[in-house]
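> Starting off with a structure, shown below.
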Amino acid sequence: MSNLIRVIALSLLALGMFIYPQEVLRSAGEGLTLWWRFVLPALLPFFVLSELLMASGFVHFLGVLLESFMRPVFRLPGKAAFVVAMGYTSGFPMGAVLTAKLRNNKEITREEGERLLAFTNNPSPGFMFGAVASGMLGEPTLGIVLAGSVYLSNLIVGFLFRFYKAAPKSLQSSSIPSFRRAWQEMNHAQNRESRSFGQILSDAVKQSTNTVLMVAGFMAIFSVILRLLNLWHVPLLLATLSHRIIRILEVPVLQAFFNGLFEMTLGCQEAIQALSTLNQQVAMLALIMGWGGLSVFAQIAGLISGTDLRFSSFLIARALHAVIALGLSQIFLSVAKVPTSSLPVRIVDPSTLFWNSWQISALVFLGCMSVLSILAIVRFRN
């Protein structure tokens, strides 16, 4: 039955692409434009950087220093702190890439990998500040509310997942922070690396480029799929049926919600158009960005397919993340001095968004590493 459904779905997709070639071309171009403006600058430099840092033993260095914080708080090894920092820096699907790499290298257990995968995948800060807050809402300062809601809710999900299949022995850390031992671990990792720096750099660029191009392909094909679904009025049909049950929400709002379930960017755009007040817009945006969309789910599923990590835990984490992010966004917005009426949209220069995406990601990476290091030191002293 599953094979039959798959064949029917692919046949409908092929039929739609033949019937609407211009729509397919335009939607694929829009998906690639979004990838070029926001995903590429946010991912590629940090993909290369992560490969170089892992080859240099920096992950092992962090593993010793941050073990005393990551183990009792998240029931994860100290090496997972690197994945947390990079995942929050670059957005989807950096967390999945690094989690799969650690699992394939036997650096983490299966349960630890699923726990780590649950809270290290977010929209990139460049997307939240640049595309949504500045480009769609026309108010860059709202990026703080959106990013704060998404990031803090994901940390809450990570804390909740510490109870996910956790063995009693994982409650406490058996090691204390030691710069000397961290330095020795890094040297041991470097000695085990047989490649020259030129080969390491070449492999890092090659693997990073392949991964980023894979993300581009996912974004293009899901843009086409979502466009065909809208041409066939599938989200509208789902919204109309849902409105008969949930009459408090209008059909355009439900349609934006269903579009957001499929693809995050289009859902954000339609949510702003369908809702009239800023509180409602921010709530829907936080919900959609916490969820991520089927396009992101396909990327994550593809990246962990070579491991034994289960996708079900990631799906549960996305649902929790979406609900918690919605609630936090309303709390933050209630204390923020922002007018509750809808704001006029301002057109932002794409070139500035490109560089701002990279700069924001760099600042988030440095901030994450600094905060994790300070927390580890404070906890050790206590």
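Chain labels follow the order of the structure tokens: the first chain is A, the next B, and so on; residue numbering restarts at 1 in every chain, and ligands are counted from 1 in their shown order.
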Just asking: which residues within stretch 220-371 of chain A are alpha helix (DSSP H) according to DSSP, as JSON, numbers by chain?
{"A": [220, 221, 222, 223, 224, 225, 226, 227, 228, 229, 230, 231, 234, 235, 236, 237, 238, 239, 240, 241, 242, 243, 251, 252, 253, 254, 255, 256, 257, 258, 259, 260, 261, 262, 264, 265, 266, 267, 268, 269, 270, 271, 272, 273, 274, 278, 279, 280, 281, 282, 283, 284, 285, 286, 287, 288, 289, 290, 291, 294, 295, 296, 297, 298, 299, 300, 301, 302, 303, 311, 312, 313, 314, 315, 316, 317, 318, 319, 320, 321, 322, 323, 324, 325, 326, 327, 328, 329, 330, 331, 332, 333, 334, 335, 350, 351, 352, 353, 354, 355, 356, 357, 358, 359, 360, 361, 362, 363, 364, 365, 366, 367, 368, 369, 370, 371]}
> Got a sec: who's within 9 Å of A:Asn121, counting only C-alpha atoms, leaving out chain neighbours fewer than 5 positions off, as a ChimeraX atom specification?
/A:84,87-88,90-96,154,292
> Select from stretch 42-131 of chain A every residue with an atom at most 9 Å from any atom of stretch 198-204 of chain A, then for each give the shortest pair of atoms and their distance in Å to one decimal, using only C-alpha atoms, rows by chain and rising number, as JSON lines.

{"residue": "A:Phe47", "atom": "CA", "partner": "A:Ala204", "partner_atom": "CA", "distance": 7.7}
{"residue": "A:Val48", "atom": "CA", "partner": "A:Ala204", "partner_atom": "CA", "distance": 5.3}
{"residue": "A:Leu49", "atom": "CA", "partner": "A:Ala204", "partner_atom": "CA", "distance": 8.0}
{"residue": "A:Ser50", "atom": "CA", "partner": "A:Ala204", "partner_atom": "CA", "distance": 8.4}
{"residue": "A:Glu51", "atom": "CA", "partner": "A:Ala204", "partner_atom": "CA", "distance": 5.4}
{"residue": "A:Leu52", "atom": "CA", "partner": "A:Ala204", "partner_atom": "CA", "distance": 6.6}
{"residue": "A:Ala55", "atom": "CA", "partner": "A:Ile200", "partner_atom": "CA", "distance": 7.3}
> Pick from A:Glu270, A:Glu67, A:Glu263, A:Glu139: nearest to A:Ala182, with only C-alpha atoms counted?
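Closest to A:Ala182 of all the choices is A:Glu67.
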> Counting only C-alpha atoms, which of A:Thr141, A:Asn259, A:Thr240, A:Thr109 gets nearest to A:Ser295?
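Closest residue, counting only C-alpha atoms: A:Asn259.
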